[in-house]
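Below you'll find the structure, written out as structure tokens, and then a few comments.
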Amino acid sequence: MARFLHIFGIVFLFTFGAHAQQRVALSGIIKSESGTPIEGAHVQVVGTVLGYATDAEGKFQIKGLLPGEYTLTITHLAYVAQHVKVDTQNAKELTITLQEDPHLLSQVYVISNRDQLFSKVPGSVSYLDQNELILLKPVTGNEVFRRVPGLNVVDEEGAGLRVNIGIRGLDPDRSRSVLMMEDGIPVALNPYGEPEMYYTPAMDRMSGVEVLKGSGQILYGPQTVGGVINYITADPPEEEQIRFRIQGGSGSYLSALGSYGNTFNKTGVQFTYLRKQAENMGPTGFTVNDFSAKLRIPLSDKSTLGVKLAAYNEVSNSTYIGITQPMFDQGGNDFTVLMPNDELDVNRYLMSFSHQTKLSDNLSLNSTLFGYTTTRNWRRQDYAYNTFSNGIPNPPPADWTGVVWGDESVPGGAIYLRNRTGNRDRQFEVMGWEQKINYNLKLGSITNQLTAGYRYLYERAYEQRINGTSATAQSGALVSDEVRTGNAIALYFLDKISLLPKLDVSPGLRAEFYNYEREILREASTDVHNVAENKIAELIPGVGLNYRPNNQLNLFTGIHRGYAPPRIKDAIDFSAANPVLDLEAETSWNFELGLRTQVVAGFFAEITYFHMDFDNQIIPSSQSIGGAGFGVTNAGKTLHKGIETALVWNSREMLNTSWLFILDFNGTYTHATYNSDRLISSGGETTNVNGNRLPYAPELTLSTAFNIESTFGTGLRFTYTYVGNQFTDELNSITPSNNGRIGKMPHYNVLDATAYHRIPKWNAQVNLSVKNLTDVRYISTRRPEGIRVGLPRFITAGFEIKF
């Protein structure tokens, strides 16, 4: 590797000297047909690697060009793409007009525009576009989310099949505190009653990702305590486009994607198929087949219908069990497949219809109808930890298979595999209908951009526990059987009021009404019929403020009510004489204050202070969902406060360099603690955890990247990640337990590297990517049931081409 980097550096230096002369620039402004500057339009020089996104005044400047004739391609989400031929010798200040796209697919974006300052967005936001995804060469989506300030991402099985994200100190377990969407549609199993991410959209097929953490998230729901993450898939292109990408490497890893898009007589189509697999990505082997289709059908000059179909199938050896502490200390078993008979099958099917109609120049109506079903069947072999009585080892369980992992000399240090299974079979149904209006109104000097609407969602979960009598049994005795049903209605509005040309105030309100029912048909192998229901109503207000003293600075602040409904399975408890509401809704007040600035071309900075005060936060109990007893519990009052920072430096925009140098830095300091008296009994002692840090809430996380790219398309990128130490329980235990589930997790550093070469003539790229370049060994999590070691050095190479 060292020799490779040395040769690569010599090539860079040689080429830099040969190509740094006689460079010119192209500049201009992009406007709409009404003459309004368009911010966030992307200007690409065809046949080169050069491009630019217009600023708040619609201006662009592309530096580092050799004199000659070029074709510019200008694209924007809301406008028809345009191709313009220019000659650098004759071109002065270009003025290019874009035509509004009347048949824009009514794809819901969390962030309404793409200017880097996000000058009209109420609150802190992040947007990672397709170029960033290409440079990262992510093996999993976790690598992408680590690039966003405020996010703590926890690897579980190494393959990113189940994303665990915590925002600003919130618990990352199954991302239950984050509203996860794809093209504006929820993706959780049941968005209200079971918001866990057992299905995670594959980052391989995405064209971008949005993250919204400010007051603007109150438009969405139900989870709006931490933030909103929206995966964005490609829309049908105006012209024929065929894309093929393949990436393969360590552990028999393969990711192969093919897509076709075109527009026929104004009807657009986009088909995408992804095949992803690995034999041993860490301890995980899996196969994924992922297909999606999008159609854009113009019904009239002012009306468009969008259709989306998707099918996903996953088979993996995912398991709950991790290695014990003695196994980690001794080494050699980091990626051993402890449970070779465990198998998780996930199948998901989605259909959605979106309709957009422009009722007038100032009024539009968007309607969305969607439905999806997810089947999650998980065969898990049972096990037991070794135990001692009076200092003497107890014998293994009677149904022991003879397989043991770990150290039997200490209690809890060894794992006995049992000759039986617990099959957790679940099916989830979701159907939703949403309508909203976007209305622009001007009253004197005051302009309003009003978004208002309603949303109905139906969800149902079927859950069975089936115990098998062998290590591979998928059927057997029905132990438990239940059905959980929810119906929710949300009413909302957000009004962006421009009180002054440089000052916007964005008040908003959402009302949530949620009725849910739990029906138990069988419990502890006995037929029963227990039914209980409950109703919740909640108002979620919020207000944001944006002040732009000039085009280089944006000050923002906001406050909103955080809210997440209780998980049905834990909310209704039948253990008492009468069913009671055991798990409460999650509520908080969230405040932030920040600024975004681009003082000079090529340097962008953002800093945000956040403060989240929870009346009641929900955290996982001893294990993730699916084990005995409750999966989550009321943690009471908690307090989260900290600072997020993002810096980006671009040499070409600032210094007019022919070579491109980009350096960015993203950092978050978070202090998340229990904020009320709460007594925890353990080992015969009672401890008040008031003031203790929350589990899995590192105080410091950093992500920085340095990218070098030559004028002929060869580049090198380094990405560095730091995650501070973390506690894993409420007591903030430092000494690890023998079974590995509890104990302080040390900080860790990970360095990734990617070398690539763009071939503009063919619209292609080749790359070599190394994750965990220095092969650091670290604990990524102690959940769900034991230690998971972070992915070791992982090498892939790939090729991508677009026709």
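Ligands are numbered from 1 in the order shown, residues from 1 within each chain, and chains are lettered A, B, ... in the order they appear in the structure tokens.
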
Can you list, as an mmCIF file with C-alpha atoms, in the first residue's frame, all residues belonging to stretch 536-730 of chain A that DSSP tags as strand (DSSP E or B)?
data_model
loop_
_atom_site.group_PDB
_atom_site.id
_atom_site.type_symbol
_atom_site.label_atom_id
_atom_site.label_comp_id
_atom_site.auth_asym_id
_atom_site.auth_seq_id
_atom_site.Cartn_x
_atom_site.Cartn_y
_atom_site.Cartn_z
ATOM 1 C CA ILE A 536 -53.286 9.453 22.056
ATOM 2 C CA ALA A 537 -53.678 13.051 20.907
ATOM 3 C CA GLU A 538 -50.778 15.478 20.787
ATOM 4 C CA LEU A 539 -50.050 18.976 19.478
ATOM 5 C CA ILE A 540 -46.536 19.499 18.114
ATOM 6 C CA PRO A 541 -45.771 23.212 17.621
ATOM 7 C CA GLY A 542 -42.607 24.738 16.243
ATOM 8 C CA VAL A 543 -41.175 27.950 14.893
ATOM 9 C CA GLY A 544 -38.012 28.729 12.964
ATOM 10 C CA LEU A 545 -36.276 31.965 12.023
ATOM 11 C CA ASN A 546 -33.817 32.734 9.228
ATOM 12 C CA TYR A 547 -31.941 35.997 8.889
ATOM 13 C CA ARG A 548 -29.725 36.708 5.878
ATOM 14 C CA PRO A 549 -27.824 39.988 6.313
ATOM 15 C CA ASN A 550 -26.126 39.223 2.980
ATOM 16 C CA LEU A 553 -24.336 34.592 5.783
ATOM 17 C CA ASN A 554 -27.425 32.866 7.140
ATOM 18 C CA LEU A 555 -28.380 32.962 10.826
ATOM 19 C CA PHE A 556 -31.034 30.531 11.993
ATOM 20 C CA THR A 557 -32.761 29.497 15.170
ATOM 21 C CA GLY A 558 -35.777 27.432 16.053
ATOM 22 C CA ILE A 559 -37.703 25.602 18.725
ATOM 23 C CA HIS A 560 -40.146 22.741 18.357
ATOM 24 C CA ARG A 561 -41.876 20.039 20.312
ATOM 25 C CA GLY A 562 -40.270 16.644 19.886
ATOM 26 C CA TYR A 563 -42.688 13.728 19.786
ATOM 27 C CA ALA A 564 -42.717 9.979 19.194
ATOM 28 C CA ILE A 572 -50.044 -2.064 26.648
ATOM 29 C CA ASP A 573 -49.209 -4.421 29.500
ATOM 30 C CA VAL A 580 -52.596 -0.099 31.530
ATOM 31 C CA LEU A 581 -50.476 2.286 29.542
ATOM 32 C CA GLU A 586 -41.630 10.341 24.010
ATOM 33 C CA THR A 587 -41.726 14.135 24.276
ATOM 34 C CA SER A 588 -39.173 16.926 24.385
ATOM 35 C CA TRP A 589 -38.520 20.582 23.652
ATOM 36 C CA ASN A 590 -35.802 21.033 21.031
ATOM 37 C CA PHE A 591 -33.936 24.300 20.517
ATOM 38 C CA GLU A 592 -31.106 25.230 18.177
ATOM 39 C CA LEU A 593 -29.166 28.322 17.201
ATOM 40 C CA GLY A 594 -26.665 28.465 14.384
ATOM 41 C CA LEU A 595 -25.104 30.107 11.398
ATOM 42 C CA ARG A 596 -24.032 29.109 7.905
ATOM 43 C CA THR A 597 -21.568 31.242 6.038
ATOM 44 C CA PHE A 603 -14.953 28.216 2.034
ATOM 45 C CA PHE A 604 -18.164 27.152 3.759
ATOM 46 C CA ALA A 605 -18.738 26.947 7.502
ATOM 47 C CA GLU A 606 -21.655 25.959 9.696
ATOM 48 C CA ILE A 607 -21.918 25.873 13.472
ATOM 49 C CA THR A 608 -25.015 24.934 15.465
ATOM 50 C CA TYR A 609 -25.771 24.868 19.179
ATOM 51 C CA PHE A 610 -28.527 22.432 20.165
ATOM 52 C CA HIS A 611 -30.456 21.875 23.376
ATOM 53 C CA MET A 612 -33.011 19.059 23.782
ATOM 54 C CA ASP A 613 -34.935 18.739 27.043
ATOM 55 C CA PHE A 614 -36.894 15.484 27.315
ATOM 56 C CA ASP A 615 -39.876 15.042 29.612
ATOM 57 C CA ASN A 616 -39.545 11.321 28.977
ATOM 58 C CA ILE A 618 -37.456 5.928 25.706
ATOM 59 C CA ILE A 619 -34.287 3.805 25.789
ATOM 60 C CA PRO A 620 -33.640 0.076 25.231
ATOM 61 C CA VAL A 632 -37.561 -0.517 25.802
ATOM 62 C CA THR A 633 -38.316 1.410 28.943
ATOM 63 C CA ASN A 634 -39.173 4.887 30.224
ATOM 64 C CA THR A 638 -32.918 13.636 29.997
ATOM 65 C CA LEU A 639 -30.961 16.631 28.758
ATOM 66 C CA HIS A 640 -28.975 16.836 25.513
ATOM 67 C CA LYS A 641 -26.846 19.824 24.573
ATOM 68 C CA GLY A 642 -23.867 20.372 22.367
ATOM 69 C CA ILE A 643 -22.312 21.918 19.280
ATOM 70 C CA GLU A 644 -22.118 20.742 15.666
ATOM 71 C CA THR A 645 -19.570 22.090 13.219
ATOM 72 C CA ALA A 646 -19.052 21.647 9.492
ATOM 73 C CA LEU A 647 -16.248 23.214 7.406
ATOM 74 C CA VAL A 648 -15.543 22.818 3.683
ATOM 75 C CA TRP A 649 -12.613 24.266 1.703
ATOM 76 C CA ASN A 650 -12.472 24.049 -2.105
ATOM 77 C CA LEU A 660 -9.051 20.258 -7.228
ATOM 78 C CA PHE A 661 -8.283 20.056 -3.509
ATOM 79 C CA ILE A 662 -11.210 19.659 -1.098
ATOM 80 C CA LEU A 663 -10.850 19.487 2.659
ATOM 81 C CA ASP A 664 -13.847 19.131 4.944
ATOM 82 C CA PHE A 665 -14.405 18.688 8.656
ATOM 83 C CA ASN A 666 -17.517 17.586 10.527
ATOM 84 C CA GLY A 667 -17.512 17.432 14.306
ATOM 85 C CA THR A 668 -20.042 17.113 17.114
ATOM 86 C CA TYR A 669 -19.710 17.577 20.848
ATOM 87 C CA THR A 670 -22.670 16.138 22.768
ATOM 88 C CA HIS A 671 -23.382 16.094 26.490
ATOM 89 C CA ALA A 672 -26.410 13.816 27.016
ATOM 90 C CA THR A 673 -27.344 12.937 30.602
ATOM 91 C CA TYR A 674 -30.192 11.749 32.815
ATOM 92 C CA LEU A 679 -32.955 4.687 41.139
ATOM 93 C CA ILE A 680 -31.429 1.548 39.599
ATOM 94 C CA SER A 681 -30.843 -1.615 41.645
ATOM 95 C CA SER A 682 -27.945 -3.843 40.648
ATOM 96 C CA GLU A 685 -26.905 -1.825 45.556
ATOM 97 C CA THR A 686 -29.178 1.039 44.557
ATOM 98 C CA THR A 687 -27.756 3.903 42.504
ATOM 99 C CA ASN A 688 -29.250 7.230 41.472
ATOM 100 C CA ARG A 693 -24.340 9.878 30.608
ATOM 101 C CA LEU A 700 -17.156 13.607 20.626
ATOM 102 C CA THR A 701 -17.495 12.386 17.042
ATOM 103 C CA LEU A 702 -15.398 13.603 14.095
ATOM 104 C CA SER A 703 -15.393 12.953 10.374
ATOM 105 C CA THR A 704 -13.009 14.629 7.969
ATOM 106 C CA ALA A 705 -12.074 14.041 4.350
ATOM 107 C CA PHE A 706 -9.299 15.224 2.047
ATOM 108 C CA ASN A 707 -9.791 14.871 -1.690
ATOM 109 C CA ILE A 708 -7.294 15.539 -4.507
ATOM 110 C CA GLU A 709 -8.373 15.391 -8.128
ATOM 111 C CA THR A 714 -7.447 10.896 -11.418
ATOM 112 C CA GLY A 715 -8.109 11.412 -7.736
ATOM 113 C CA LEU A 716 -7.329 10.267 -4.233
ATOM 114 C CA ARG A 717 -9.548 10.621 -1.166
ATOM 115 C CA PHE A 718 -8.916 9.952 2.508
ATOM 116 C CA THR A 719 -11.745 9.843 5.051
ATOM 117 C CA TYR A 720 -11.066 9.819 8.785
ATOM 118 C CA THR A 721 -13.611 8.955 11.499
ATOM 119 C CA TYR A 722 -13.287 9.325 15.264
ATOM 120 C CA VAL A 723 -15.870 8.103 17.787
ATOM 121 C CA GLN A 726 -19.296 5.333 25.208
#

### Backbone-only DSSP, alpha helix (DSSP H) members of stretch 238-410 of chain A, as number ranges by chain
A: 325-330

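As for atom CA of A:Thr373 and atom CA of A:Pro191, they are spaced 12.1 Å apart.
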
Excluding A:Leu494 and any residue of its chain fewer than 3 positions from it, enumerate the residues within 9 Å of it, using only C-alpha atoms, and give them as a CSV table (one decimal) with N, CA and C atoms, in the first residue's frame.
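As a result, result.csv now contains:
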chain,number,residue,atom,x,y,z
A,216,GLY,N,-38.2,22.5,11.1
A,216,GLY,CA,-39.0,22.2,9.9
A,216,GLY,C,-39.5,20.7,9.8
A,218,ILE,N,-41.3,19.2,11.8
A,218,ILE,CA,-42.6,19.0,12.4
A,218,ILE,C,-43.7,18.8,11.3
A,219,LEU,N,-43.4,19.0,10.1
A,219,LEU,CA,-44.3,18.7,9.0
A,219,LEU,C,-44.4,17.2,8.8
A,449,GLN,N,-45.2,31.5,2.1
A,449,GLN,CA,-45.1,30.2,1.4
A,449,GLN,C,-45.7,29.2,2.4
A,450,LEU,N,-47.0,28.9,2.2
A,450,LEU,CA,-47.7,28.0,3.1
A,450,LEU,C,-47.8,26.6,2.6
A,451,THR,N,-47.4,25.7,3.5
A,451,THR,CA,-47.6,24.2,3.2
A,451,THR,C,-48.5,23.7,4.3
A,452,ALA,N,-49.6,23.1,3.9
A,452,ALA,CA,-50.6,22.6,4.8
A,452,ALA,C,-51.2,21.3,4.3
A,506,SER,N,-40.9,31.1,10.4
A,506,SER,CA,-41.6,29.9,9.9
A,506,SER,C,-42.3,29.2,11.0
A,507,PRO,N,-43.5,29.7,11.4
A,507,PRO,CA,-44.3,29.0,12.4
A,507,PRO,C,-45.0,27.7,11.8
A,508,GLY,N,-45.2,26.7,12.6
A,508,GLY,CA,-45.8,25.5,12.2
A,508,GLY,C,-46.5,24.8,13.3
A,509,LEU,N,-47.4,23.8,13.0
A,509,LEU,CA,-48.1,23.1,14.0
A,509,LEU,C,-48.5,21.7,13.4
A,510,ARG,N,-48.3,20.7,14.1
A,510,ARG,CA,-48.8,19.4,13.7
A,510,ARG,C,-49.7,18.8,14.8
A,542,GLY,N,-44.0,24.4,16.5
A,542,GLY,CA,-42.6,24.7,16.2
A,542,GLY,C,-42.5,26.1,15.5
A,543,VAL,N,-41.4,26.7,15.6
A,543,VAL,CA,-41.2,28.0,14.9
A,543,VAL,C,-39.7,28.1,14.6

### Message
Report as a ChimeraX atom specification all protein, DNA and RNA residues lying within 8 Å of A:Thr735, evaluated on only C-alpha atoms, omitting residues in the same chain fewer than 6 positions from it.
### Response
/A:742-744

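With distances restricted to only C-alpha atoms, A:Ser737 is the closest residue to A:Thr324 from A:Thr284, A:Thr447, A:Gln223, A:Ser737.
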
### Message
When you look at A:Leu212 with a cut-off of 6 Å (counting only C-alpha atoms), what residues show up, excluding the ones that are within fewer than 2 positions of it in the same chain? I need them as number ranges by chain.
### Response
A: 125, 214, 227-228

#### Entry: Proximity to A:Thr357 - best of A:Thr54, A:Asn394, A:Thr304, A:Asn692, only C-alpha atoms
A:Thr304

### Summary
Counting only C-alpha atoms, the residue among A:Val410, A:Leu369, A:Leu768, A:Ile466 that lies closest to A:Gln435 is A:Leu369

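Nearest-residue note for A:Leu189: choosing from A:Asn763, A:Gln241, A:Ser175, A:Ser252, the minimum distance belongs to A:Ser175, counting only C-alpha atoms.
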
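The coordinates place atom CA of A:Ala398 at 27.2 Å from atom CA of A:Asp481.
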
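Going from atom CA of A:Gly691 over to atom CA of A:Gly724, you cover 18.6 Å.
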